Amino acid sequence: MSQPPAPFHPSSPTPDDAAAGAPAHAAPGAPAHAAPGAVTPPTSPFADLAAFVALPRVAGLALSPDGRRLAISVQTLDPEGTKWQSALWEVDPEGRRPARRLTRSAPGESAPAFAPDGSLLFTSARPDPGAKRNGEDPKPALWALPPDGGEARPVVVHPAGIGGFAVAADTGEVVVVAAAMPGAADAEAETARRAQRKEAGVSAILHEAYPVRHWDSDLGPAAPHLFWAGRLPADPPAGAPAEPPVLRDLTPDVVPPDEAGDSPALSPDGRLVVRVEPVPDGPAGRRDRLVVLETATGEARVLVDDPLADVHPARFSPDGTAVVCVRERHPTHAEPPDYTLLHVDVATGEARDLTAGFDRWPSAPQFSADGSAVYFLADDDGRHAVFRVPVAGGTPVRLTTDGAYSDLQVARDGSALYALRSAYDEPPAPVRLDPETAGQHPEPLPNPGILDALPGTLHELSATAADGTRVQSWLVLPEGASAESPAPLLLWVHGGPLMSWNSWSWRWCPWVMAARGYAVLLPNPALSQGFGQEFVRRGWGAWGEAPYTDLMAAVDAAEQRPEVDATRTAAMGGSFGGYMANWIATQTDRFRAIVTHASLWHIDSFVGTTDAAYFWEKEWGDPLQQPKRYEQNSPHRFADAIRTPMLVIHGDHDYRVPIGEALRLWYDLQKRGVPSRFLYLPDENHWVLTPGNSRVWYETVLAFLAEHVLGQEWERPELL
């Protein structure tokens, strides 16, 4: 597992799709279900939801070897308005030139990375004009855009498509990730095996080990393999056919449920590749270890193997003699997981802990340009900050103040760092950082994702829990909210549970609610990351205790503000946040409405049917041997106490929190006569990934809140 298999996490796989929608009957530009008093003018894209959906969204970042070019991925709505498509743009690292678009195709382009010669590599399912058509849609391939622009060309193809790649920083050699059927020794055999299944009408998958699915994907019959592509072919002369490299399988023995494609990294000279390898952990468990392979021979050896921990993807030092990675200590019934940063000698496997005693969870580490330090990211007090720690040992130094950083890039000459930064009042944007200086908050570089204004203001709140612990929250206040015109309050509980509210989200966007006059409270209760191990421990295996009381303390503090109307409140959340919404419904009637998305209702049922049951059983225990936690914390046991109207939302392709949770919750509400509605999404997963369903999601939520919080007539969304 590259991350704890939490019910909801804003990254890996990326759930942060655009999500907004106005009722189809609303007049153009008119805010839907407006709250009295504090309403954003219709010129705001957050009030005009069609305009909100069309806002460009920045994701992904790559820095050229000479440090003179940044590439970003920008997602926009397609002309039909039915899906989002991405394109690559170039950003000036110095911030002097405006951003310019580099690619344009209907399938879109993603995962940018630069080769040593300055070529921009990316994956795309765009058709190859020089390839024969077989009547099927093109599979994703690895493409290269020359340094001087020109036409992009496919450089690596595979019958199953390219799922990822890594490039050697010095030599430009490449490995790619592609799915392979068991027993298919080469591309020809792969094509034949897939054709045989299709012609025979076979979709069945035979499983011989747990698990059988992940997030929204069935595992098998193929599994991701790692293929050696070597040096990419040169651009052929005009009129000459391109000769793609012959791929050599570095992991021929991988079969489902194993996979070999979790963020591989190449040494700068291309001689070694380091990858995460899943191995059995007990009768039905899995854990990850770190393996290094010789690319010339495929010979593998274990680099880090801890029977009590998972080891996450690694990065090589500039000289290729060491790697840095994150070790995640396995949770137990009594203790939550913990994370630390390892520096590992490639030749000997000797590992040193770089963050011993550091009471935060490091992630995404990489070396400085000279190899003397490691940069990493970690949640810290409602932010996701950049840290620097010396390889020789020392205390990590936080380099950034506000904001949440991702996609960290280190200039090869050591002159700068680049990253994407976001916050709840700032969508993702590329920024330049000094590699040494603490306390930075630089201006965004020019990019197509900059917003003009937001429909309100962001505030940070602190509350005191019953046990004296500080609970941090973000509060979004709509324009016009005041003591004379207080805004209704919406409590929005984050997923995870091992995460925190700290970054912009297009999917869970509080500004859409603020544009309709709602104040939105985003608390970080017990179990949230970035507040220390003890803060996580307070809620471990006891979700209905400290997490709940922390949330109520945060609501109490928000309601003390004169801009907030404490008589008109609602609560909502997704995944773990949905669990908390359900739990809140069974514990209090202080809210007028509750919205629960992809939520846990029956913990025993969830643990047994989710896609990684072994992780959750470590927290909750075996339900037959240790039933107490299940009995005390499962909301379904307290269904008779629910008095608050509830909106249930769930996608049928959700394998993290299976649809059975929503079906049971819906039945339990209906048979008790609780006012309730069920928005069922047959083609969606744990999130909502299509524009049409995203619009319907927001339309339904807004209509439900308007009915029960604002006292308006229920208006069924037109397309439902």
# chains A, B, ... in the order shown; residues from 1 in each chain; ligands from 1
$ residues_around --residues "Ala466 of chain A" --least-positions-apart "5" --cutoff "8 Å" --atoms "only C-alpha atoms" --output "PyMOL selection string"
chain A and resi 549-550+553
$ residues_around --residues "Ala144 of chain A" --least-positions-apart "2" --cutoff "9 Å" --atoms "only C-alpha atoms" --output "PyMOL selection string"
chain A and resi 115+119-123+142+146+151-155
$ write_last_selection --atoms "C-alpha atoms" --output "PDB file, in the first residue's frame"
ATOM      1  CA  ALA A 115      14.438  13.599 -20.281  1.00  0.00           C
ATOM      2  CA  SER A 119      12.432  16.356 -24.331  1.00  0.00           C
ATOM      3  CA  LEU A 120       9.132  16.375 -22.467  1.00  0.00           C
ATOM      4  CA  LEU A 121       7.781  12.878 -21.866  1.00  0.00           C
ATOM      5  CA  PHE A 122       4.126  12.228 -21.088  1.00  0.00           C
ATOM      6  CA  THR A 123       1.447   9.566 -21.328  1.00  0.00           C
ATOM      7  CA  LEU A 142       4.584   7.148 -23.800  1.00  0.00           C
ATOM      8  CA  PRO A 146      11.114  17.661 -28.625  1.00  0.00           C
ATOM      9  CA  GLU A 151       5.368  17.426 -33.127  1.00  0.00           C
ATOM     10  CA  ALA A 152       5.066  14.942 -30.297  1.00  0.00           C
ATOM     11  CA  ARG A 153       5.671  11.315 -31.246  1.00  0.00           C
ATOM     12  CA  PRO A 154       5.001   7.984 -29.500  1.00  0.00           C
ATOM     13  CA  VAL A 155       8.205   6.405 -28.184  1.00  0.00           C
TER      14      VAL A 155
END
$ residues_around --residues "segment 339-349 of chain A" --least-positions-apart "5" --cutoff "8 Å" --atoms "only C-alpha atoms" --output "PyMOL selection string"
chain A and resi 303-304+320-329+354-356+360-363+365+391
$ write_last_selection --atoms "N, CA and C atoms" --output "PDB file, in the first residue's frame"
ATOM      1  N   LEU A 303      16.074  -4.801  -0.510  1.00  0.00           N
ATOM      2  CA  LEU A 303      16.830  -3.696   0.079  1.00  0.00           C
ATOM      3  C   LEU A 303      16.349  -3.375   1.492  1.00  0.00           C
ATOM      4  N   VAL A 304      15.043  -3.267   1.688  1.00  0.00           N
ATOM      5  CA  VAL A 304      14.465  -3.017   3.016  1.00  0.00           C
ATOM      6  C   VAL A 304      13.259  -3.942   3.183  1.00  0.00           C
ATOM      7  N   GLY A 320      23.608   7.956  -6.871  1.00  0.00           N
ATOM      8  CA  GLY A 320      23.077   6.613  -7.006  1.00  0.00           C
ATOM      9  C   GLY A 320      23.498   5.631  -5.930  1.00  0.00           C
ATOM     10  N   THR A 321      24.185   6.083  -4.898  1.00  0.00           N
ATOM     11  CA  THR A 321      24.668   5.159  -3.868  1.00  0.00           C
ATOM     12  C   THR A 321      23.681   4.949  -2.734  1.00  0.00           C
ATOM     13  N   ALA A 322      22.633   5.757  -2.650  1.00  0.00           N
ATOM     14  CA  ALA A 322      21.677   5.663  -1.551  1.00  0.00           C
ATOM     15  C   ALA A 322      20.279   5.938  -2.076  1.00  0.00           C
ATOM     16  N   VAL A 323      19.296   5.499  -1.303  1.00  0.00           N
ATOM     17  CA  VAL A 323      17.912   5.862  -1.567  1.00  0.00           C
ATOM     18  C   VAL A 323      17.315   6.391  -0.276  1.00  0.00           C
ATOM     19  N   VAL A 324      16.241   7.146  -0.417  1.00  0.00           N
ATOM     20  CA  VAL A 324      15.485   7.616   0.738  1.00  0.00           C
ATOM     21  C   VAL A 324      14.048   7.173   0.543  1.00  0.00           C
ATOM     22  N   CYS A 325      13.416   6.722   1.633  1.00  0.00           N
ATOM     23  CA  CYS A 325      12.050   6.217   1.553  1.00  0.00           C
ATOM     24  C   CYS A 325      11.367   6.430   2.896  1.00  0.00           C
ATOM     25  N   VAL A 326      10.069   6.126   2.938  1.00  0.00           N
ATOM     26  CA  VAL A 326       9.277   6.226   4.165  1.00  0.00           C
ATOM     27  C   VAL A 326       8.936   4.826   4.642  1.00  0.00           C
ATOM     28  N   ARG A 327       9.154   4.589   5.923  1.00  0.00           N
ATOM     29  CA  ARG A 327       8.724   3.340   6.558  1.00  0.00           C
ATOM     30  C   ARG A 327       7.497   3.617   7.412  1.00  0.00           C
ATOM     31  N   GLU A 328       6.452   2.830   7.185  1.00  0.00           N
ATOM     32  CA  GLU A 328       5.203   2.959   7.943  1.00  0.00           C
ATOM     33  C   GLU A 328       5.076   1.788   8.905  1.00  0.00           C
ATOM     34  N   ARG A 329       5.175   2.070  10.175  1.00  0.00           N
ATOM     35  CA  ARG A 329       4.984   1.024  11.169  1.00  0.00           C
ATOM     36  C   ARG A 329       3.541   0.555  11.160  1.00  0.00           C
ATOM     37  N   LEU A 354      16.198   9.114   9.645  1.00  0.00           N
ATOM     38  CA  LEU A 354      16.510  10.547   9.571  1.00  0.00           C
ATOM     39  C   LEU A 354      15.548  11.399  10.389  1.00  0.00           C
ATOM     40  N   THR A 355      14.421  10.852  10.826  1.00  0.00           N
ATOM     41  CA  THR A 355      13.426  11.663  11.536  1.00  0.00           C
ATOM     42  C   THR A 355      13.032  11.029  12.863  1.00  0.00           C
ATOM     43  N   ALA A 356      13.954  10.373  13.513  1.00  0.00           N
ATOM     44  CA  ALA A 356      13.674   9.815  14.844  1.00  0.00           C
ATOM     45  C   ALA A 356      13.285  10.939  15.799  1.00  0.00           C
ATOM     46  N   ARG A 360       5.760  14.052  13.450  1.00  0.00           N
ATOM     47  CA  ARG A 360       4.927  14.249  12.278  1.00  0.00           C
ATOM     48  C   ARG A 360       5.194  13.098  11.318  1.00  0.00           C
ATOM     49  N   TRP A 361       4.378  12.970  10.283  1.00  0.00           N
ATOM     50  CA  TRP A 361       4.475  11.841   9.363  1.00  0.00           C
ATOM     51  C   TRP A 361       5.072  12.300   8.036  1.00  0.00           C
ATOM     52  N   PRO A 362       6.344  11.996   7.764  1.00  0.00           N
ATOM     53  CA  PRO A 362       6.973  12.432   6.514  1.00  0.00           C
ATOM     54  C   PRO A 362       6.442  11.664   5.307  1.00  0.00           C
ATOM     55  N   SER A 363       6.495  12.305   4.146  1.00  0.00           N
ATOM     56  CA  SER A 363       6.084  11.678   2.893  1.00  0.00           C
ATOM     57  C   SER A 363       6.860  12.308   1.750  1.00  0.00           C
ATOM     58  N   PRO A 365       9.756  11.910   0.031  1.00  0.00           N
ATOM     59  CA  PRO A 365      11.112  12.433   0.216  1.00  0.00           C
ATOM     60  C   PRO A 365      11.922  12.413  -1.077  1.00  0.00           C
ATOM     61  N   VAL A 391      21.320  14.798   5.790  1.00  0.00           N
ATOM     62  CA  VAL A 391      21.579  13.360   5.713  1.00  0.00           C
ATOM     63  C   VAL A 391      22.455  12.918   6.879  1.00  0.00           C
TER      64      VAL A 391
END
$ select_by_dssp --residues "segment 472-676 of chain A" --states "alpha helix (DSSP H)" --output "ChimeraX atom specification"
/A:510-514,533-537,546-559,576-587,603-609,613-620,628-633,660-671
$ residues_around --residues "segment 564-566 of chain A" --least-positions-apart "6" --cutoff "12 Å" --atoms "only C-alpha atoms" --output "PyMOL selection string"
chain A and resi 35-38+475-478+480-491+517-521+555-558+590-592+709-710
$ residues_around --residues "Glu545 of chain A" --least-positions-apart "3" --cutoff "10 Å" --atoms "only C-alpha atoms" --output "PDB file with N, CA and C atoms, in the first residue's frame"
ATOM      1  N   ALA A 526      -9.625  14.480  16.428  1.00  0.00           N
ATOM      2  CA  ALA A 526      -8.777  13.327  16.739  1.00  0.00           C
ATOM      3  C   ALA A 526      -8.771  12.367  15.563  1.00  0.00           C
ATOM      4  N   ARG A 538      -5.652   9.356  20.276  1.00  0.00           N
ATOM      5  CA  ARG A 538      -6.872   9.680  21.018  1.00  0.00           C
ATOM      6  C   ARG A 538      -8.119   9.074  20.379  1.00  0.00           C
ATOM      7  N   GLY A 539      -8.107   8.927  19.045  1.00  0.00           N
ATOM      8  CA  GLY A 539      -9.291   8.404  18.374  1.00  0.00           C
ATOM      9  C   GLY A 539      -9.134   7.011  17.821  1.00  0.00           C
ATOM     10  N   TRP A 540      -7.947   6.389  18.000  1.00  0.00           N
ATOM     11  CA  TRP A 540      -7.687   5.099  17.391  1.00  0.00           C
ATOM     12  C   TRP A 540      -8.605   4.011  17.968  1.00  0.00           C
ATOM     13  N   GLY A 541      -9.379   3.369  17.092  1.00  0.00           N
ATOM     14  CA  GLY A 541     -10.295   2.315  17.527  1.00  0.00           C
ATOM     15  C   GLY A 541     -11.462   2.821  18.338  1.00  0.00           C
ATOM     16  N   ALA A 542     -11.624   4.132  18.406  1.00  0.00           N
ATOM     17  CA  ALA A 542     -12.708   4.731  19.195  1.00  0.00           C
ATOM     18  C   ALA A 542     -13.254   5.933  18.432  1.00  0.00           C
ATOM     19  N   TYR A 548     -15.725  12.496  17.756  1.00  0.00           N
ATOM     20  CA  TYR A 548     -17.046  13.108  17.854  1.00  0.00           C
ATOM     21  C   TYR A 548     -17.039  14.311  18.788  1.00  0.00           C
ATOM     22  N   THR A 549     -16.488  14.153  19.975  1.00  0.00           N
ATOM     23  CA  THR A 549     -16.500  15.273  20.921  1.00  0.00           C
ATOM     24  C   THR A 549     -15.629  16.426  20.427  1.00  0.00           C
ATOM     25  N   ASP A 550     -14.554  16.118  19.702  1.00  0.00           N
ATOM     26  CA  ASP A 550     -13.754  17.194  19.104  1.00  0.00           C
ATOM     27  C   ASP A 550     -14.571  17.989  18.096  1.00  0.00           C
ATOM     28  N   TRP A 583     -22.656   8.855  12.669  1.00  0.00           N
ATOM     29  CA  TRP A 583     -22.534   8.806  14.130  1.00  0.00           C
ATOM     30  C   TRP A 583     -23.187  10.023  14.772  1.00  0.00           C
ATOM     31  N   GLN A 632     -19.395  -0.694  20.329  1.00  0.00           N
ATOM     32  CA  GLN A 632     -19.437   0.655  20.876  1.00  0.00           C
ATOM     33  C   GLN A 632     -19.401   1.741  19.810  1.00  0.00           C
ATOM     34  N   ASN A 633     -18.850   1.441  18.615  1.00  0.00           N
ATOM     35  CA  ASN A 633     -18.594   2.488  17.634  1.00  0.00           C
ATOM     36  C   ASN A 633     -19.350   2.326  16.324  1.00  0.00           C
TER      37      ASN A 633
END
$ closest_residue --among "A:Pro446, A:Gly172, A:Pro283, A:Pro159" --to "Gly118 of chain A" --atoms "only C-alpha atoms"
A:Gly172
$ atom_distance --atom1 "atom CA of Ala639 of chain A" --atom2 "atom CA of Ala334 of chain A"
27.7 Å
$ residues_around --residues "Pro396 of chain A" --least-positions-apart "5" --cutoff "8 Å" --atoms "only C-alpha atoms" --output "VMD selection string"
chain A and resid 355 358 387 to 390
$ closest_residue --among "A:Glu90, A:Asp359, A:Glu299, A:Asp434" --to "Val410 of chain A" --atoms "only C-alpha atoms"
A:Asp434
$ residues_around --residues "Glu243 of chain A" --least-positions-apart "5" --cutoff "12 Å" --atoms "only C-alpha atoms" --output "PDB file with C-alpha atoms, in the first residue's frame"
ATOM      1  CA  GLY A 130       1.447   6.630 -38.362  1.00  0.00           C
ATOM      2  CA  ALA A 131      -0.119   3.515 -36.819  1.00  0.00           C
ATOM      3  CA  ARG A 153       5.671  11.315 -31.246  1.00  0.00           C
ATOM      4  CA  PRO A 154       5.001   7.984 -29.500  1.00  0.00           C
ATOM      5  CA  VAL A 155       8.205   6.405 -28.184  1.00  0.00           C
ATOM      6  CA  VAL A 156       6.997   3.409 -26.137  1.00  0.00           C
ATOM      7  CA  VAL A 157       3.830   1.378 -26.744  1.00  0.00           C
ATOM      8  CA  LEU A 232      14.401   6.076 -26.377  1.00  0.00           C
ATOM      9  CA  PRO A 233      14.651   6.008 -30.176  1.00  0.00           C
ATOM     10  CA  ALA A 234      15.777   9.139 -31.977  1.00  0.00           C
ATOM     11  CA  ASP A 235      13.303  11.047 -34.098  1.00  0.00           C
ATOM     12  CA  PRO A 236      13.376   9.224 -37.486  1.00  0.00           C
ATOM     13  CA  PRO A 237      13.988  11.064 -40.750  1.00  0.00           C
TER      14      PRO A 237
END
$ closest_residue --among "A:Pro224, A:Pro280, A:Gly577, A:Gly270" --to "Tyr210 of chain A" --atoms "only C-alpha atoms"
A:Pro280
$ closest_residue --among "A:Cys509, A:Thr596, A:Val302, A:Trp616" --to "Val53 of chain A" --atoms "only C-alpha atoms"
A:Cys509
$ closest_atom_pairs --of "segment 274-372 of chain A" --to "segment 598-611 of chain A" --cutoff "12 Å" --atoms "only C-alpha atoms" --output "Markdown table"
| residue | atom | partner | partner_atom | distance |
| --- | --- | --- | --- | --- |
| A:Ala284 | CA | A:Gly608 | CA | 11.6 |
| A:Gly285 | CA | A:Asp611 | CA | 11.2 |
| A:Arg286 | CA | A:Asp611 | CA | 11.7 |
$ closest_residue --among "A:Pro675, A:Gly81, A:Gly711, A:Gly201" --to "Pro691 of chain A" --atoms "only C-alpha atoms"
A:Gly81
$ select_by_dssp --residues "segment 350-544 of chain A" --states "strand (DSSP E)" --output "JSON, numbers by chain"
{"A": [351, 352, 353, 362, 363, 364, 365, 366, 367, 373, 374, 375, 376, 377, 378, 379, 380, 383, 384, 385, 386, 387, 388, 389, 390, 397, 398, 404, 405, 406, 407, 408, 409, 410, 417, 418, 419, 420, 421, 422, 423, 426, 427, 428, 429, 430, 431, 432, 433, 456, 457, 458, 459, 460, 461, 462, 463, 464, 470, 471, 472, 473, 474, 475, 476, 477, 478, 487, 488, 489, 490, 491, 492, 493, 519, 520, 521, 522, 523, 524]}
